[in-house]
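*Asks:* Before I ask anything, let me first share the structure, which is written out below as structure tokens.
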Amino acid sequence: MTEAVLELRDLHVTYRAAGVDVPAVRGVDLTIGPRDTLGLAGESGCGKSTIAGAVLRLLPRATRVEGEILLEGQDVLKLRPGKVRAVRWTTAAIVFQGALHSLNPVQRVGDQIAEAIETHARTRSRRTTTARVGELLERVGLPARRRREYPHQLSGGQRQRVLIALALACEPALLIADEPTTALDVMVQAQVLSVLEDLQRDAGLALLFITHDLSVLRSSCRRLAVMYAGRIVEEGPSGAVFDEPRHPYARALASAFPTIGDPASRYRPSGLAGDPPDPTALPTGCPFHPRCPVVVDDVCPSLDVRLRPAGPAREAACVHVGGDDDG
Amino acid sequence: MAEPLLSVRDVHVRFASRRGPVHAVAGVDLDVVPGEVLALVGESGCGKTTLIRSILGLVAPTSGSVTFDGHVVGRGHRRLRRLRRSVQMVFQDPTGALNPRHSLYESVAEGLRIHKVEGDEIGLVHDALSRAGLRPAARYAPRYPHEVSGGQRQRALIAGAMALSPRLLLADEPVASLDASIRGEILALMRGLVDDTGVSIVAVTHDLGLAWNIADRIAVMYLGRIVEIGATEDVIGDPQHPYTRALLSVVPELEAMERQILRGETPDPSRVPSGCRFHPRCPVVASGEAERLGILARCTGEDLALAPVPGAAPPDRVHAHLAACHAVSADATITAGGEGSAGATPG
């Protein structure tokens with residue numbers, strides 16, 4: 001078996017806010033192999049972006065991170081700060097949502113990419129760096145000459161492409177994309193998604209794709225993990241999870257985006273009543289039980305179900321899964 | 001058929017900018033009847049927000065007219081005030097639209113006070129809050145925006161708008177900033193309000209799923225014009241304009257359609273192409289299909305207006321399926337009213 005690019009073992013992340021512990025991630029196990037794609041879905045506050053921050057050690061200093069984060073076999077949590085910086089671009093790189101705020105407004109975009117290359121690979125000459133910048137821009141579908149432009153001269157979609165090029169500068173094995181298309185127009189979103197898909201296929205990147213939009217993940221990722229209240233509640237092949245979710249929360253999330261043209265969803269918007277739980281005051285038992293449409297009254301409020309097998313290469317954390325009714 | 005509540009007639013809005021005149025809205029005709037939901041779909045910069053602002057009387061059309069309930073929306077102060085009670089707006093970002101130092105009660109009551117609505121204020125506010133799903137109202141009324149969730153803030157905004165018993169609600173991307181799970185709840189609330197109170201909604205969105213969930217009709221805008229309009233079933237089931245087809249093809253769930261990712265950025269309304277304004281990005285032109293149909297010269301040189309989709313059974317004027325595409329009319333001449341819109345096979 002080949003070594004996983006990223007492996008999380010029983011990851012716990014606890015923020016410290018106003019003297020109170022806020023458990024954001026509560027025991028997550030995840031594995032992404034080379035060239036694999038995993039989509040991580042869930043609503044605001046479920047802990048999905050915290051995982052991205054933990055992998056690259058980008059979380060506030062007072063945050064407690066426990067468990068193991070293995071990037072190509074190395075435990076990120078045990079690395080010295082200098083080593084973390086090196087890992088951060090060369091092994092795993094991240095693309096955030098707000099492209100405008102992630103770029104330096106007074107530096108040409110090409111220079112920003114060059115800086116990343118030069119910082120991490122000291123052997124390159126100026127000329128090969130320039131050539132490499134052009135090549136990276138072309139790989140994300142921008143003409144090489146755009147390297148002379150400043151961020152404000154580019155549109156939102158183009159800036160997002162620059163960020164992807166920047167993330168690729170040091171040829172990482174893993175690209176983490178945190179809501180990379182959320183603020184973009186549909187057509188531009190489709191353009192950026194296809195850039196990501198091509199890169200993943202051609203450059204052999206592993207991709208961890210984080211978003212609340214399950215429908216985007218279905219087409220761009222091989223596997224899908226759905227998070228709720230700091231834990232993964234369902235994981236499996238993306239088509240199976242999206243089309244036949246086993247956990248009631250995954251089901252609600254999947255039906256939130258209707259199948260356009262399907263008479264069943266015409267005039268029937270589907271949502272989930274209630275609000276995400278407060279991480280400092282999680283419900284007892286299964287944390288989803290207060291919002292759950294199929295709650296079992298004498299079980300769910302007291303039984304904290306962990307992931308259990310739910311079909312081929314699938315797991316879900318729900319009392320309704322497994323045993324005799326597992327079809 | 002009921003008389004239109006809102007009529008937009010050949011509205012043009014031009015702005016001056018450093019790069020020359022911007023033709024944000026370039027001749028739009030639109031009717032909204034009582035109790036319907038219309039989704040106005042298009043990319044950033046297509047003029048949908050400017051059109052909405054002209055309906056609210058926030059921007060005066062350069063030419064053309066907007067008529068609401070039989071009265072032309074003009075600059076008269078008193079008339080605008082009355083209009084703004086009947087036409088309410090719900091914005092995309094509920095966090096930005098609510099005053100952080102006002103409780104939800106005060107936010108909802110503000111509109112009642114501005115419009116000097118008679119009656120028991122507490123009763124009206126609580127009624128509006130609970131109709132928007134913030135129940136029990138007495139518990140939510142004293143809370144401040146930061147004390148409630150994003151979905152509840154959007155409900156409070158809708159409560160504020162509905163407290164004035166408007167006849168038309170303009171919603172600008174009402175669920176774009178909300179989590180997936182909350183989205184459906186807010187859409188269900190909006191549709192419920194239409195069914196219960198008979199209010200009409202114009203929802204500006206780039207989300208075709210929203211349209212499928214709640215809209216009776218869809219209008220697709222491109223560069224200041226409506227390029228296709230019709231009943232939701234017609235536009236989604238049998239899209240005519242290549243731009244509509246492209247928009248539908250990039251919806252991630254629709255895997256049956258071959259993805260047509262349009263190249264280039266959202267077009268620039270200060271540089272509108274000649275001929276059909278969509279032709280530089282049009283897949284029908286790029287694939288050589290237009291040349292084969294013998295319409296390439298018209299696509300690149302001849303501007304065109306909305307025309308009825310041939311073959312479709314013509315319902316009343318408001319609900320007709322219209323598209324502005326040379327290929328649609330050329331197709332009809334060739335097949336002589338044949339398969340024009342018989343099949344529901346998009347693409």
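Note on naming: chains are A, B, ... as they come in the structure tokens, residues start from 1 per chain, ligands start from 1 in the order shown.
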Taking only C-alpha atoms into account, report as a ChimeraX atom specification which residues of chain B lie within 9 Å of chain A.
*Replies:* /B:42-44,149,151-152,176-177,179-188,191,206-216,233,236-237,246-248,250-255,259,261-266
*Asks:* Excluding B:Val90 and residues on its chain fewer than 5 positions from it, collect all residues at most 8 Å away from it, counting only C-alpha atoms, and give them as a PyMOL selection string.
*Replies:* chain B and resi 157-158+161+169-172+174
*Asks:* Please dump the current selection as a PDB file, in the first residue's frame; keep N, CA and C atoms.
*Replies:*
```
ATOM      1  N   LEU B 157     -35.254  40.050   8.453  1.00  0.00           N
ATOM      2  CA  LEU B 157     -35.333  41.004   7.341  1.00  0.00           C
ATOM      3  C   LEU B 157     -36.634  40.822   6.576  1.00  0.00           C
ATOM      4  N   ILE B 158     -36.989  39.562   6.360  1.00  0.00           N
ATOM      5  CA  ILE B 158     -38.237  39.290   5.644  1.00  0.00           C
ATOM      6  C   ILE B 158     -39.422  39.764   6.482  1.00  0.00           C
ATOM      7  N   ALA B 161     -39.825  43.432   6.055  1.00  0.00           N
ATOM      8  CA  ALA B 161     -40.425  43.766   4.766  1.00  0.00           C
ATOM      9  C   ALA B 161     -41.907  43.439   4.760  1.00  0.00           C
ATOM     10  N   LEU B 169     -42.280  42.035  -3.418  1.00  0.00           N
ATOM     11  CA  LEU B 169     -41.053  41.878  -2.644  1.00  0.00           C
ATOM     12  C   LEU B 169     -39.922  41.692  -3.655  1.00  0.00           C
ATOM     13  N   LEU B 170     -38.900  42.551  -3.551  1.00  0.00           N
ATOM     14  CA  LEU B 170     -37.740  42.383  -4.418  1.00  0.00           C
ATOM     15  C   LEU B 170     -36.647  41.742  -3.581  1.00  0.00           C
ATOM     16  N   ALA B 171     -36.184  40.587  -3.988  1.00  0.00           N
ATOM     17  CA  ALA B 171     -35.203  39.872  -3.178  1.00  0.00           C
ATOM     18  C   ALA B 171     -33.927  39.711  -3.992  1.00  0.00           C
ATOM     19  N   ASP B 172     -32.836  40.284  -3.492  1.00  0.00           N
ATOM     20  CA  ASP B 172     -31.563  40.236  -4.209  1.00  0.00           C
ATOM     21  C   ASP B 172     -30.726  39.095  -3.645  1.00  0.00           C
ATOM     22  N   PRO B 174     -31.511  36.154  -2.208  1.00  0.00           N
ATOM     23  CA  PRO B 174     -31.957  36.020  -0.824  1.00  0.00           C
ATOM     24  C   PRO B 174     -31.324  34.865  -0.054  1.00  0.00           C
TER      25      PRO B 174
END
```
*Asks:* Counting only C-alpha atoms, which residue out of B:Pro242, B:Ala60, B:Ala137, B:Ile226 sits closest to B:Phe15?
*Replies:*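 Looking only at the distances to B:Phe15, the closest residue turns out to be B:Ala60.
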